[in-house]
Amino acid sequence: MGPEFIVRVQKMTAGLALLAAVFVSVYVSPAKAAALVAGAGWAILNIFLIRRLAEAIFRPEKPRGLTVAALLAVKFPALYAAGYALLAWAHLDPIWLLAGFTLLPAVMFLKALGRALIMSGWFERMPADDRVGAPAHDAAKRARPGRES
């Protein structure tokens with residue numbers, strides 16, 4: 001799970017947030033949908049800056065101290081200022097903002113869980129003769145013992 005995993009998580013979170021915002025704006029309210037999208041954007045910006053910081057620190061060549069210092073100087077004040085602006089100035093609902101912010105960790109967990117299940121070979125250990133619909137087919141045979149299908 002490298003940087004490409006994080007990029008895929010960011011894209012999936014953005015798509016899920018937009019889709020959820022459509023449903024929330026129709027069934028709840030547009031203001032709460034805006035809070036959901038703002039929270040997801042806040043989380044995507046956070047993980048983007050964390051990924052850039054990790055790339056700057058752990059790259060094969062010598063890490064550039066100025067790049068790391070600049071990213072740290074930007075990340076923390078910018079994210080806290082964004083959170084303050086979303087809550088104090090925009091007056092977004094904190095519950096929906098938090099719901100949007102937690103979309104990214106939820107997507108990351110589900111993608112990692114799916115990847116772990118695929119890599120574990122769990123699907124390959126399932127018996128091959130378990131067909132879909134086999135129990136219903138066998139029950140139909142037992143219901144009419146004189147007929148062969």
# chains A, B, ... in the order shown; residues from 1 in each chain; ligands from 1
>>> select_by_dssp(residues="chain A", states="alpha helix (DSSP H)", output="number ranges by chain")
A: 3-27, 30-58, 65-84, 94-101, 103-120, 134-143
>>> closest_atom_pairs(of="stretch 93-129 of chain A", to="stretch 10-15 of chain A", cutoff="7 Å", atoms="only C-alpha atoms", output="JSON lines")
{"residue": "A:Leu103", "atom": "CA", "partner": "A:Thr13", "partner_atom": "CA", "distance": 6.3}
{"residue": "A:Leu104", "atom": "CA", "partner": "A:Thr13", "partner_atom": "CA", "distance": 5.5}
{"residue": "A:Val107", "atom": "CA", "partner": "A:Thr13", "partner_atom": "CA", "distance": 6.5}
>>> residues_around(residues="A:Ile50", least_positions_apart="4", cutoff="9 Å", atoms="only C-alpha atoms", output="PyMOL selection string")
chain A and resi 45-46+54-55+71+75
>>> atom_distance(atom1="atom CA of A:Ala112", atom2="atom CA of A:Gly41")
20.9 Å
